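Asker: Pasting a structure below so you can have a look.
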Amino acid sequence: MVHERYERAEETNVKILVPVKRVIDYNVKVRVKADQSGVELASVKMAMNPFDEIAVEEAVRLKEAGVATEVVAVSCGATQSQEQLRTALALGADRAILVESDAELQSLAVAKLLKAVCEKEQPQLVILGKQAIDDDANQTGQMLAALMGWPQATFASKVVVADGKATVTREIDGGLETLAIKLPAIVTTDLRLNEPRYATLPNIMKAKKKPLDTLKPAELGVDVAPRLTTLKVVEPAKRQAGVKVADVAELVAKLKNEAKVI
Amino acid sequence: MSILVIAEHDHAALKAATLNTVAAASKIGGKIHVLVAGSGCAAAAQAAAALEGVAQVKVADAAHYAEQTAENLAALVVANAQGYTHILAPATTFGKNLLPRVAALLDVAQISEICGVESPDTFVRPIYAGNALATVQSADTVKVITVRTTAFDACGQGGAATVENIAAGPDLGLTQLVGRELTKSERPELGAAKVIVSGGRGLASGENYHSLLEPLADKLNAALGASRAAVDAGFVPNDYQVGQTGKVVAPQLYLAIGISGAIQHLAGMKDSKVIVAINKDPDAPIFQVADYGLVGDLFQLVPELTAAL
């Protein structure tokens, strides 16, 4: 599908890197472990971070529109992250790179690993999800932009790539903002950027044959030691359900006399 | 300890989120300085100097801070970071865009969206859309932190900080503003409102949303919000959205009208002081968090409520 906004520019020769993260599937109800060491991850369904799916979709659409020449998916994490890379390949990425590590990788470490990958791969555009739905950090794209000295356009709801720049509409508090940034650059995705496609069975089969390379953080010369220590993880205090009121008059009376908020 | 708070402002005035961020800084303890970087931002700097607990305001006034781009601001913050143990900004789209860039340039972690201060190096923050709270300790020499504004009451006025002009950093020229489309409204800002009237898919159309909820919001001097379902259905723009993927709010009174109460919506409003739900489905999950639930037809109940106020 070629959308009008993916304008084709003859001189454009854009390689796109799309980092993806393996997280708990967004439909799973998260449970905190009894020993407060974290949330239960054993035998829980895992999936690609939803914002990263939007990033893959955007990159693939740019390729389908003739703007991008190649889409490379990259994931930093445990061996099982290969599953999410295969998903990215099934959605249309050309090849994949796993930076394999069993260590806890915090945002700064991931940004450093991605910097090393950027130096090898020389992409003109990196499209990332604005945040992962596990740690909700919302940092990696901005950190990578800082480490590369590149411009950033975060929380994107529209991306047009042409003539060596990206024109990006961003979701900001109070409305929208449009920035023009020179490539190479970083874009992070917000929800309304696109609706990701589903991987078809033939594409899932094809994805199995696409190249997937594995690297180690040490090969990239990156120290991934965590800077933050999680001391405990607890469930938030539950809100008590209140009462049902019979009618508007009772509601108004309660708000005035009991809750005293009006 | 010495804390630098990055002010969010529109050059003429401070955004309310800055006051919550200064309040979080006070909880950490130590000297508080506020950085106001802008273009013609003397008025915002004066407002920062009047905040309770602020010892000094640093002002960088230059044309290339007019658009508040992360690239130029981060370079300025890093150039002035020396001597600070903490650098704070609100966890708004402004702070979320800027502060990770600062942290990476300083080679330190960022602690995102804290909702509690345990000690100068230990903080509480929500993870998994607020379904869990993590207590994290930082080993970095500088703690770079964004603050969930609804978790800290705004700081008071009555301060008399000194105001010092500092040199502007370079204009990196990486980014150009093409335009902004801001929602114009006479109503209070969603993030700062004491009362929020929020609508969901139950309203069935954008016309219904406006014709039913606006008169009610007028009566209550309330901000208008919406569920993601209402935004996705095109009833209202995205900046109305309350939830994990929208704004996190905690007003005195939150009225959820025609909102079923998906987890992602609850994550954005469950810390409100009083929650009222109006929904025709008695089993809607919103009733599990509502202080007062009214089951019935919103098309009849909302005008009735508006008339009764």
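Convention: chains lettered A, B, ... in structure tokens order; per-chain residue numbering from 1; ligands numbered from 1 as shown.
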Do you have, as CSV, the list of residues of stretch 173-240 of chain A lying at most 12 Å from stretch 64-83 of chain B, each with its nearest atom pair and that distance in Å to one decimal, counting only C-alpha atoms and ordered by chain then number?
Answerer:
```
residue,atom,partner,partner_atom,distance
A:Glu177,CA,B:Glu67,CA,10.2
A:Thr178,CA,B:Glu67,CA,11.1
A:Leu179,CA,B:Thr69,CA,9.4
A:Ala180,CA,B:Thr69,CA,11.4
A:Ile181,CA,B:Glu71,CA,10.9
A:Ala185,CA,B:Glu71,CA,11.7
A:Ile186,CA,B:Glu71,CA,11.8
```
Asker: Could those residues be written to a file, using C-alpha atoms, as a short mmCIF file (atom, residue, chain, number, x, y, z; two decimals), in the first residue's frame?
Answerer:
```cif
data_model
loop_
_atom_site.label_atom_id
_atom_site.label_comp_id
_atom_site.auth_asym_id
_atom_site.auth_seq_id
_atom_site.Cartn_x
_atom_site.Cartn_y
_atom_site.Cartn_z
CA GLU A 177 3.87 20.25 16.53
CA THR A 178 5.62 19.72 13.22
CA LEU A 179 9.42 19.63 13.03
CA ALA A 180 11.76 19.37 10.08
CA ILE A 181 14.88 17.42 10.99
CA ALA A 185 17.83 11.35 12.64
CA ILE A 186 15.80 9.58 15.30
#
```
Asker: Near B:Ile278, within 7 Å and counting only C-alpha atoms, which residues show up once chain neighbours fewer than 4 positions away are dropped, as a list in words?
Answerer: Ala256, Ile257, Gly258, Gly293, Leu294, Val295, Gly296 and Leu298 of chain B
Asker: Identify which of the residues B:Thr21, B:Asn279, B:Tyr128, B:Val147 lies closest to A:Asn49, counting only C-alpha atoms when measuring atom-to-atom distances.
Answerer: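 For A:Asn49, the nearest of the candidates is B:Tyr128.
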Asker: Could you name the residues that touch B:Leu14 at 9 Å or less, counting only C-alpha atoms, but leaving out those on the same chain fewer than 5 positions away, as a PyMOL selection string?
Answerer: chain B and resi 7-9+19+43-45+47-48
Asker: Could you find all residues in stretch 51-116 of chain A that DSSP calls strand (DSSP E or B) from the backbone, and write them as a list in words?
Answerer: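 Selecting the strand (DSSP E or B) positions of stretch 51-116 of chain A gives Ala68, Thr69, Glu70, Val71, Val72, Ala73, Val74, Ser75, Cys76, Gly77, Arg95, Ala96, Ile97, Leu98, Val99 and Glu100 of chain A.
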Asker: Go ahead and dump the residues you just picked, all heavy atoms, as a CSV table (one decimal), in the first residue's frame.
Answerer:
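Final output, result_1.csv:
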```
chain,number,residue,atom,x,y,z
A,68,ALA,N,12.6,4.2,1.4
A,68,ALA,CA,13.7,3.5,2.1
A,68,ALA,C,14.2,2.4,1.2
A,68,ALA,O,13.4,1.8,0.4
A,68,ALA,CB,13.2,3.0,3.4
A,69,THR,N,15.5,2.1,1.3
A,69,THR,CA,16.0,1.0,0.5
A,69,THR,C,16.1,-0.3,1.3
A,69,THR,O,16.0,-1.4,0.8
A,69,THR,CB,17.5,1.4,0.1
A,69,THR,OG1,18.2,1.8,1.2
A,69,THR,CG2,17.4,2.5,-1.0
A,70,GLU,N,16.3,-0.2,2.6
A,70,GLU,CA,16.4,-1.4,3.5
A,70,GLU,C,15.9,-1.1,4.9
A,70,GLU,O,16.1,0.0,5.4
A,70,GLU,CB,17.9,-1.8,3.5
A,70,GLU,CG,18.1,-3.2,4.1
A,70,GLU,CD,19.6,-3.6,4.3
A,70,GLU,OE1,20.5,-2.7,4.3
A,70,GLU,OE2,19.8,-4.8,4.4
A,71,VAL,N,15.3,-2.1,5.4
A,71,VAL,CA,14.8,-2.0,6.8
A,71,VAL,C,15.5,-3.1,7.7
A,71,VAL,O,15.4,-4.3,7.4
A,71,VAL,CB,13.3,-2.2,6.9
A,71,VAL,CG1,12.8,-2.1,8.4
A,71,VAL,CG2,12.6,-1.1,6.1
A,72,VAL,N,16.3,-2.7,8.7
A,72,VAL,CA,17.0,-3.6,9.5
A,72,VAL,C,16.4,-3.6,10.9
A,72,VAL,O,16.4,-2.5,11.5
A,72,VAL,CB,18.5,-3.3,9.6
A,72,VAL,CG1,19.3,-4.3,10.4
A,72,VAL,CG2,19.1,-3.2,8.2
A,73,ALA,N,15.9,-4.7,11.4
A,73,ALA,CA,15.4,-4.8,12.8
A,73,ALA,C,16.5,-5.2,13.7
A,73,ALA,O,17.3,-6.0,13.3
A,73,ALA,CB,14.2,-5.8,12.8
A,74,VAL,N,16.5,-4.6,14.9
A,74,VAL,CA,17.5,-4.9,15.9
A,74,VAL,C,16.9,-5.1,17.2
A,74,VAL,O,16.0,-4.3,17.6
A,74,VAL,CB,18.7,-3.9,15.8
A,74,VAL,CG1,18.2,-2.5,16.0
A,74,VAL,CG2,19.7,-4.2,16.9
A,75,SER,N,17.3,-6.1,18.0
A,75,SER,CA,16.8,-6.2,19.3
A,75,SER,C,18.0,-6.5,20.3
A,75,SER,O,19.0,-7.1,19.9
A,75,SER,CB,15.8,-7.4,19.4
A,75,SER,OG,15.2,-7.3,20.7
A,76,CYS,N,17.9,-5.9,21.5
A,76,CYS,CA,18.9,-6.1,22.5
A,76,CYS,C,18.3,-6.9,23.6
A,76,CYS,O,17.3,-6.4,24.2
A,76,CYS,CB,19.5,-4.8,23.0
A,76,CYS,SG,20.2,-3.7,21.8
A,77,GLY,N,18.8,-8.1,23.9
A,77,GLY,CA,18.2,-8.9,25.0
A,77,GLY,C,18.5,-10.3,24.8
A,77,GLY,O,19.5,-10.7,24.2
A,95,ARG,N,16.3,-7.7,7.2
A,95,ARG,CA,17.2,-8.6,7.9
A,95,ARG,C,17.2,-8.1,9.4
A,95,ARG,O,16.6,-7.1,9.7
A,95,ARG,CB,18.6,-8.6,7.4
A,95,ARG,CG,19.3,-7.3,7.3
A,95,ARG,CD,20.6,-7.4,6.5
A,95,ARG,NE,21.2,-6.1,6.3
A,95,ARG,CZ,22.0,-5.5,7.2
A,95,ARG,NH1,22.4,-6.2,8.3
A,95,ARG,NH2,22.5,-4.3,7.0
A,96,ALA,N,17.8,-8.9,10.2
A,96,ALA,CA,17.7,-8.6,11.7
A,96,ALA,C,19.0,-8.8,12.4
A,96,ALA,O,19.9,-9.6,11.9
A,96,ALA,CB,16.7,-9.5,12.3
A,97,ILE,N,19.2,-8.1,13.5
A,97,ILE,CA,20.4,-8.2,14.3
A,97,ILE,C,20.0,-8.4,15.7
A,97,ILE,O,19.2,-7.6,16.2
A,97,ILE,CB,21.3,-7.0,14.2
A,97,ILE,CG1,21.7,-6.7,12.7
A,97,ILE,CG2,22.5,-7.1,15.1
A,97,ILE,CD1,22.4,-5.4,12.5
A,98,LEU,N,20.5,-9.4,16.4
A,98,LEU,CA,20.2,-9.6,17.8
A,98,LEU,C,21.5,-9.3,18.6
A,98,LEU,O,22.6,-9.9,18.3
A,98,LEU,CB,19.8,-11.0,18.1
A,98,LEU,CG,19.7,-11.4,19.6
A,98,LEU,CD1,18.6,-10.6,20.3
A,98,LEU,CD2,19.4,-12.9,19.8
A,99,VAL,N,21.4,-8.3,19.5
A,99,VAL,CA,22.5,-8.1,20.4
A,99,VAL,C,22.2,-8.9,21.6
A,99,VAL,O,21.3,-8.5,22.4
A,99,VAL,CB,22.7,-6.6,20.7
A,99,VAL,CG1,23.9,-6.4,21.6
A,99,VAL,CG2,22.9,-5.8,19.4
A,100,GLU,N,22.8,-10.0,21.8
A,100,GLU,CA,22.4,-11.0,22.7
A,100,GLU,C,23.0,-10.8,24.1
A,100,GLU,O,24.3,-10.7,24.2
A,100,GLU,CB,22.7,-12.4,22.2
A,100,GLU,CG,22.1,-13.5,23.0
A,100,GLU,CD,22.4,-14.9,22.4
A,100,GLU,OE1,23.3,-15.0,21.5
A,100,GLU,OE2,21.8,-15.8,22.8
```
Asker: I need the residue nearest chain B from this list: A:Thr87, A:Gln124, A:Gln36, A:Ser43. Use only C-alpha atoms for the distance.
Answerer: A:Gln36
Asker: Taking only C-alpha atoms into account, name the residue in A:Ala162, A:Ala59, A:Val44, A:Met143 that is nearest to chain B.
Answerer: A:Met143
Asker: In Å, how far is it from atom CA of A:Arg31 to atom CA of A:Ala78?
Answerer: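 Between atom CA of A:Arg31 and atom CA of A:Ala78 the gap is 21.3 Å.
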Asker: Sorted by chain and rising residue number, which residues of stretch 32-125 of chain A lie within 9 Å of stretch 103-127 of chain B, and what are their closest atom pairs and distances in Å to one decimal, counting only C-alpha atoms, as JSON lines?
Answerer:
```
{"residue": "A:Gln106", "atom": "CA", "partner": "B:Ala109", "partner_atom": "CA", "distance": 8.1}
{"residue": "A:Ser107", "atom": "CA", "partner": "B:Ala109", "partner_atom": "CA", "distance": 7.5}
{"residue": "A:Leu108", "atom": "CA", "partner": "B:Ala109", "partner_atom": "CA", "distance": 6.0}
{"residue": "A:Ala109", "atom": "CA", "partner": "B:Ala109", "partner_atom": "CA", "distance": 8.9}
{"residue": "A:Ala111", "atom": "CA", "partner": "B:Ala104", "partner_atom": "CA", "distance": 8.4}
```
Asker: With N, CA, C and O atoms kept, could you save the residues just selected as a short mmCIF file (atom, residue, chain, number, x, y, z; two decimals), in the first residue's frame?
Answerer:
```cif
data_model
loop_
_atom_site.label_atom_id
_atom_site.label_comp_id
_atom_site.auth_asym_id
_atom_site.auth_seq_id
_atom_site.Cartn_x
_atom_site.Cartn_y
_atom_site.Cartn_z
N GLN A 106 19.36 -1.73 30.80
CA GLN A 106 18.60 -0.50 31.03
C GLN A 106 18.73 0.43 29.83
O GLN A 106 19.59 0.23 28.97
N SER A 107 17.89 1.46 29.80
CA SER A 107 17.79 2.30 28.60
C SER A 107 19.13 2.84 28.12
O SER A 107 19.41 2.83 26.92
N LEU A 108 19.96 3.31 29.04
CA LEU A 108 21.25 3.90 28.63
C LEU A 108 22.12 2.84 27.97
O LEU A 108 22.78 3.10 26.95
N ALA A 109 22.12 1.61 28.53
CA ALA A 109 22.91 0.53 27.95
C ALA A 109 22.40 0.18 26.55
O ALA A 109 23.18 -0.02 25.62
N ALA A 111 20.79 2.17 24.53
CA ALA A 111 21.14 3.27 23.64
C ALA A 111 22.60 3.16 23.19
O ALA A 111 22.93 3.40 22.03
#
```
Asker: Rounded to one decimal, what separation in Å do you get between atom CA of A:Val243 and atom CA of B:Asp291?
Answerer: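 Computing the Euclidean distance for atom CA of A:Val243 and atom CA of B:Asp291 yields 6.0 Å.
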Asker: Excluding B:Thr85 and its own-chain neighbours fewer than 3 positions away, which residues fall within 9 Å of it when counting only C-alpha atoms? Please give them as a PyMOL selection string.
Answerer: chain B and resi 1-4+81-82+141-144
Asker: Tell me, as a compact mmCIF listing (two decimals) with all heavy atoms, in the first residue's frame, which residues lie within 12 Å of B:Val276, counting only C-alpha atoms; anything in the same chain fewer than 5 positions away does not count.
Answerer:
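Full text of around.txt as output:
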```txt
# COMPACT_ATOMS: atom_id res chain seq x y z
N ALA A 241 -13.96 0.09 45.66
CA ALA A 241 -15.16 0.46 44.92
C ALA A 241 -16.08 1.19 45.88
O ALA A 241 -16.15 0.87 47.06
CB ALA A 241 -15.83 -0.77 44.36
N GLY A 242 -16.79 2.18 45.38
CA GLY A 242 -17.65 2.97 46.24
C GLY A 242 -19.08 2.46 46.23
O GLY A 242 -19.31 1.26 46.25
N VAL A 243 -19.98 3.36 46.14
CA VAL A 243 -21.39 2.98 46.20
C VAL A 243 -22.10 3.36 44.90
O VAL A 243 -21.65 4.24 44.18
CB VAL A 243 -22.10 3.70 47.37
CG1 VAL A 243 -21.53 3.21 48.69
CG2 VAL A 243 -21.98 5.21 47.24
N LYS A 244 -23.19 2.65 44.64
CA LYS A 244 -24.05 3.06 43.52
C LYS A 244 -25.12 3.99 44.09
O LYS A 244 -25.67 3.73 45.16
CB LYS A 244 -24.70 1.83 42.89
CG LYS A 244 -23.69 0.87 42.23
CD LYS A 244 -23.82 0.87 40.71
CE LYS A 244 -22.67 0.13 40.03
NZ LYS A 244 -22.71 -1.31 40.18
N VAL A 245 -25.34 5.06 43.38
CA VAL A 245 -26.40 5.98 43.81
C VAL A 245 -27.63 5.75 42.94
O VAL A 245 -27.52 5.27 41.80
CB VAL A 245 -25.94 7.46 43.74
CG1 VAL A 245 -24.87 7.72 44.78
CG2 VAL A 245 -25.43 7.81 42.34
N VAL A 248 -29.73 11.16 40.09
CA VAL A 248 -28.91 12.36 40.00
C VAL A 248 -28.98 13.17 41.30
O VAL A 248 -27.96 13.68 41.78
CB VAL A 248 -29.34 13.22 38.79
CG1 VAL A 248 -28.78 14.63 38.88
CG2 VAL A 248 -28.89 12.55 37.49
N LEU A 251 -26.68 11.67 43.78
CA LEU A 251 -25.29 11.91 43.38
C LEU A 251 -24.86 13.31 43.78
O LEU A 251 -23.80 13.51 44.38
CB LEU A 251 -25.14 11.70 41.86
CG LEU A 251 -23.77 12.04 41.28
CD1 LEU A 251 -22.68 11.15 41.87
CD2 LEU A 251 -23.77 11.92 39.75
N VAL A 252 -25.68 14.30 43.44
CA VAL A 252 -25.33 15.69 43.74
C VAL A 252 -25.22 15.89 45.25
O VAL A 252 -24.28 16.54 45.73
CB VAL A 252 -26.37 16.66 43.11
CG1 VAL A 252 -26.11 18.09 43.58
CG2 VAL A 252 -26.31 16.57 41.59
N LYS A 254 -24.41 13.64 47.50
CA LYS A 254 -23.17 12.99 47.98
C LYS A 254 -21.94 13.85 47.65
O LYS A 254 -21.04 14.00 48.47
CB LYS A 254 -23.00 11.63 47.30
CG LYS A 254 -24.05 10.61 47.71
CD LYS A 254 -23.55 9.76 48.86
CE LYS A 254 -24.45 8.55 49.04
NZ LYS A 254 -24.30 7.95 50.37
N LEU A 255 -21.93 14.39 46.44
CA LEU A 255 -20.76 15.19 46.03
C LEU A 255 -20.66 16.46 46.88
O LEU A 255 -19.56 16.91 47.19
CB LEU A 255 -20.85 15.55 44.54
CG LEU A 255 -20.65 14.38 43.56
CD1 LEU A 255 -20.87 14.85 42.12
CD2 LEU A 255 -19.26 13.76 43.71
N ALA A 259 -18.50 14.01 49.84
CA ALA A 259 -17.17 14.18 49.23
C ALA A 259 -16.71 15.64 49.30
O ALA A 259 -15.52 15.92 49.31
CB ALA A 259 -17.21 13.70 47.79
N VAL A 261 -16.74 17.98 47.11
CA VAL A 261 -15.89 18.40 45.97
C VAL A 261 -16.61 19.38 45.04
O VAL A 261 -16.01 19.89 44.11
CB VAL A 261 -15.37 17.20 45.15
CG1 VAL A 261 -14.27 16.47 45.90
CG2 VAL A 261 -16.50 16.26 44.77
N VAL B 195 -11.33 19.73 38.33
CA VAL B 195 -12.46 18.86 37.95
C VAL B 195 -12.28 18.50 36.47
O VAL B 195 -11.94 19.35 35.65
CB VAL B 195 -13.82 19.57 38.15
CG1 VAL B 195 -14.97 18.64 37.76
CG2 VAL B 195 -13.97 20.06 39.58
N ILE B 196 -12.50 17.22 36.16
CA ILE B 196 -12.41 16.77 34.77
C ILE B 196 -13.68 16.01 34.41
O ILE B 196 -14.13 15.13 35.15
CB ILE B 196 -11.18 15.87 34.54
CG1 ILE B 196 -9.89 16.68 34.73
CG2 ILE B 196 -11.21 15.25 33.14
CD1 ILE B 196 -8.61 15.87 34.67
N VAL B 197 -14.28 16.40 33.30
CA VAL B 197 -15.41 15.67 32.75
C VAL B 197 -14.88 14.91 31.54
O VAL B 197 -14.36 15.50 30.60
CB VAL B 197 -16.54 16.63 32.32
CG1 VAL B 197 -17.64 15.87 31.58
CG2 VAL B 197 -17.11 17.36 33.53
N SER B 198 -14.98 13.57 31.60
CA SER B 198 -14.34 12.76 30.58
C SER B 198 -15.39 11.87 29.92
O SER B 198 -16.26 11.33 30.60
CB SER B 198 -13.26 11.91 31.26
OG SER B 198 -12.25 11.59 30.36
N GLY B 199 -15.30 11.73 28.60
CA GLY B 199 -16.30 10.96 27.88
C GLY B 199 -15.70 9.80 27.12
O GLY B 199 -14.55 9.85 26.69
N PRO B 251 -7.34 14.76 39.39
CA PRO B 251 -8.09 15.93 39.88
C PRO B 251 -8.84 15.62 41.18
O PRO B 251 -8.88 14.47 41.62
CB PRO B 251 -9.08 16.20 38.75
CG PRO B 251 -9.33 14.84 38.17
CD PRO B 251 -8.02 14.09 38.28
N GLN B 252 -9.43 16.64 41.77
CA GLN B 252 -10.29 16.45 42.94
C GLN B 252 -11.53 15.63 42.56
O GLN B 252 -12.00 14.82 43.34
CB GLN B 252 -10.75 17.81 43.47
CG GLN B 252 -9.63 18.67 44.01
CD GLN B 252 -9.10 18.14 45.32
OE1 GLN B 252 -9.84 17.96 46.26
NE2 GLN B 252 -7.81 17.84 45.36
N LEU B 253 -12.05 15.88 41.36
CA LEU B 253 -13.26 15.18 40.93
C LEU B 253 -13.11 14.78 39.46
O LEU B 253 -12.81 15.62 38.61
CB LEU B 253 -14.47 16.12 41.11
CG LEU B 253 -15.81 15.62 40.56
CD1 LEU B 253 -16.24 14.32 41.23
CD2 LEU B 253 -16.89 16.69 40.76
N TYR B 254 -13.32 13.50 39.20
CA TYR B 254 -13.24 12.98 37.83
C TYR B 254 -14.58 12.34 37.49
O TYR B 254 -15.02 11.41 38.17
CB TYR B 254 -12.11 11.95 37.74
CG TYR B 254 -11.82 11.47 36.32
CD1 TYR B 254 -10.86 12.11 35.54
CD2 TYR B 254 -12.50 10.38 35.77
CE1 TYR B 254 -10.58 11.69 34.25
CE2 TYR B 254 -12.22 9.95 34.47
CZ TYR B 254 -11.26 10.61 33.72
OH TYR B 254 -10.98 10.19 32.44
N LEU B 255 -15.24 12.86 36.47
CA LEU B 255 -16.51 12.28 36.04
C LEU B 255 -16.28 11.47 34.76
O LEU B 255 -15.93 12.05 33.73
CB LEU B 255 -17.54 13.38 35.78
CG LEU B 255 -18.03 14.11 37.04
CD1 LEU B 255 -17.52 15.54 37.04
CD2 LEU B 255 -19.54 14.08 37.11
N ALA B 256 -16.47 10.16 34.86
CA ALA B 256 -16.29 9.28 33.70
C ALA B 256 -17.66 8.96 33.12
O ALA B 256 -18.47 8.29 33.75
CB ALA B 256 -15.58 8.00 34.14
N ILE B 257 -17.90 9.45 31.93
CA ILE B 257 -19.24 9.34 31.35
C ILE B 257 -19.20 8.49 30.08
O ILE B 257 -18.50 8.83 29.12
CB ILE B 257 -19.80 10.75 31.08
CG1 ILE B 257 -19.99 11.43 32.44
CG2 ILE B 257 -21.11 10.67 30.31
CD1 ILE B 257 -20.23 12.88 32.37
N GLY B 258 -19.89 7.37 30.14
CA GLY B 258 -19.89 6.46 28.98
C GLY B 258 -18.53 5.83 28.76
O GLY B 258 -18.18 5.50 27.63
N ILE B 259 -17.76 5.69 29.84
CA ILE B 259 -16.43 5.08 29.77
C ILE B 259 -16.50 3.73 30.49
O ILE B 259 -16.91 3.67 31.66
CB ILE B 259 -15.38 5.99 30.45
CG1 ILE B 259 -15.17 7.27 29.61
CG2 ILE B 259 -14.05 5.25 30.63
CD1 ILE B 259 -14.22 8.26 30.24
N GLY B 261 -13.98 1.68 31.29
CA GLY B 261 -12.94 1.54 32.32
C GLY B 261 -11.89 0.50 31.96
O GLY B 261 -11.52 -0.32 32.80
N MET B 269 -6.22 7.72 35.48
CA MET B 269 -7.10 8.54 36.32
C MET B 269 -7.39 7.96 37.70
O MET B 269 -8.09 8.58 38.50
CB MET B 269 -8.42 8.83 35.58
CG MET B 269 -9.10 7.65 34.91
SD MET B 269 -9.73 6.37 36.00
CE MET B 269 -11.31 7.06 36.44
N LYS B 270 -6.82 6.79 38.01
CA LYS B 270 -7.24 6.13 39.24
C LYS B 270 -6.75 6.82 40.51
O LYS B 270 -7.20 6.50 41.60
CB LYS B 270 -6.84 4.65 39.24
CG LYS B 270 -5.35 4.41 39.26
CD LYS B 270 -5.07 2.92 39.27
CE LYS B 270 -3.62 2.61 39.01
NZ LYS B 270 -2.66 3.35 39.84
N ILE B 286 -15.40 0.31 35.29
CA ILE B 286 -15.23 1.65 35.84
C ILE B 286 -15.87 1.75 37.23
O ILE B 286 -15.39 2.47 38.11
CB ILE B 286 -15.82 2.74 34.89
CG1 ILE B 286 -15.43 4.15 35.31
CG2 ILE B 286 -17.33 2.63 34.78
CD1 ILE B 286 -14.01 4.54 35.00
N PHE B 287 -16.94 0.96 37.45
CA PHE B 287 -17.63 1.01 38.76
C PHE B 287 -16.76 0.44 39.89
O PHE B 287 -17.01 0.71 41.05
CB PHE B 287 -18.98 0.30 38.69
CG PHE B 287 -20.01 1.06 37.89
CD1 PHE B 287 -20.60 0.50 36.76
CD2 PHE B 287 -20.37 2.35 38.25
CE1 PHE B 287 -21.53 1.19 36.02
CE2 PHE B 287 -21.31 3.06 37.50
CZ PHE B 287 -21.89 2.48 36.39
N GLN B 288 -15.74 -0.36 39.52
CA GLN B 288 -14.87 -0.92 40.56
C GLN B 288 -13.91 0.11 41.14
O GLN B 288 -13.31 -0.11 42.20
CB GLN B 288 -14.06 -2.10 40.00
CG GLN B 288 -14.94 -3.31 39.73
CD GLN B 288 -14.23 -4.34 38.88
OE1 GLN B 288 -13.01 -4.34 38.78
NE2 GLN B 288 -15.00 -5.20 38.24
N VAL B 289 -13.75 1.23 40.45
CA VAL B 289 -12.87 2.28 41.00
C VAL B 289 -13.64 3.54 41.34
O VAL B 289 -13.09 4.48 41.91
CB VAL B 289 -11.71 2.65 40.02
CG1 VAL B 289 -10.83 1.44 39.74
CG2 VAL B 289 -12.25 3.25 38.74
N ALA B 290 -14.94 3.57 40.98
CA ALA B 290 -15.72 4.80 41.18
C ALA B 290 -16.19 4.90 42.63
O ALA B 290 -16.63 3.92 43.22
CB ALA B 290 -16.91 4.81 40.24
N ASP B 291 -16.11 6.10 43.19
CA ASP B 291 -16.66 6.33 44.52
C ASP B 291 -18.18 6.37 44.46
O ASP B 291 -18.86 5.88 45.35
CB ASP B 291 -16.13 7.66 45.07
CG ASP B 291 -14.62 7.63 45.21
OD1 ASP B 291 -14.14 7.03 46.18
OD2 ASP B 291 -13.92 8.17 44.33
N TYR B 292 -18.69 6.98 43.38
CA TYR B 292 -20.13 7.06 43.20
C TYR B 292 -20.47 6.60 41.78
O TYR B 292 -19.97 7.17 40.81
CB TYR B 292 -20.62 8.50 43.41
CG TYR B 292 -20.24 9.04 44.77
CD1 TYR B 292 -19.28 10.05 44.90
CD2 TYR B 292 -20.81 8.51 45.94
CE1 TYR B 292 -18.91 10.53 46.14
CE2 TYR B 292 -20.44 8.99 47.19
CZ TYR B 292 -19.48 9.99 47.28
OH TYR B 292 -19.11 10.45 48.52
N GLY B 293 -21.28 5.58 41.70
CA GLY B 293 -21.66 5.07 40.39
C GLY B 293 -23.14 5.31 40.15
O GLY B 293 -23.97 5.16 41.05
N LEU B 294 -23.45 5.70 38.92
CA LEU B 294 -24.85 5.91 38.56
C LEU B 294 -25.10 5.09 37.30
O LEU B 294 -24.48 5.36 36.26
CB LEU B 294 -25.08 7.41 38.32
CG LEU B 294 -26.51 7.89 38.05
CD1 LEU B 294 -27.50 7.37 39.09
CD2 LEU B 294 -26.52 9.42 38.03
N VAL B 295 -25.97 4.08 37.43
CA VAL B 295 -26.24 3.21 36.29
C VAL B 295 -27.45 3.75 35.56
O VAL B 295 -28.51 3.99 36.17
CB VAL B 295 -26.53 1.76 36.77
CG1 VAL B 295 -26.84 0.86 35.58
CG2 VAL B 295 -25.32 1.22 37.53
N VAL B 302 -27.01 12.89 32.04
CA VAL B 302 -26.05 14.00 31.98
C VAL B 302 -26.77 15.35 31.94
O VAL B 302 -26.44 16.25 32.73
CB VAL B 302 -25.04 13.83 30.82
CG1 VAL B 302 -24.17 15.07 30.67
CG2 VAL B 302 -24.16 12.61 31.07
N LEU B 305 -28.05 16.01 35.36
CA LEU B 305 -26.98 16.40 36.28
C LEU B 305 -26.60 17.87 36.05
O LEU B 305 -26.43 18.64 36.99
CB LEU B 305 -25.77 15.48 36.09
CG LEU B 305 -24.52 15.78 36.91
CD1 LEU B 305 -24.80 15.75 38.41
CD2 LEU B 305 -23.40 14.79 36.60
```
Asker: For the alpha helix (DSSP H) assignment from backbone DSSP, which residues of stretch 50-262 of chain A qualify? Please present them as an NGL selection string.
Answerer: :A and (50-64 or 82-91 or 107-121 or 140-148 or 201-207 or 248-253)
Asker: For chain A, which of B:Leu88, B:Ala132, B:Ala223, B:Ala60 is the closest residue, counting only C-alpha atoms?
Answerer: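 For chain A, the nearest of the given residues is B:Ala132.
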Asker: When you draw a straight line from atom CA of A:Met205 to atom CA of A:Met48, how long is it in Å?
Answerer: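 Separation of atom CA of A:Met205 and atom CA of A:Met48: 18.1 Å.
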Asker: Find the residue from B:Lys247, B:Arg228, B:Arg101, B:Arg187 that sits nearest to chain A; use only C-alpha atoms when measuring.
Answerer: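 Of all the options, B:Arg101 lies closest to chain A.
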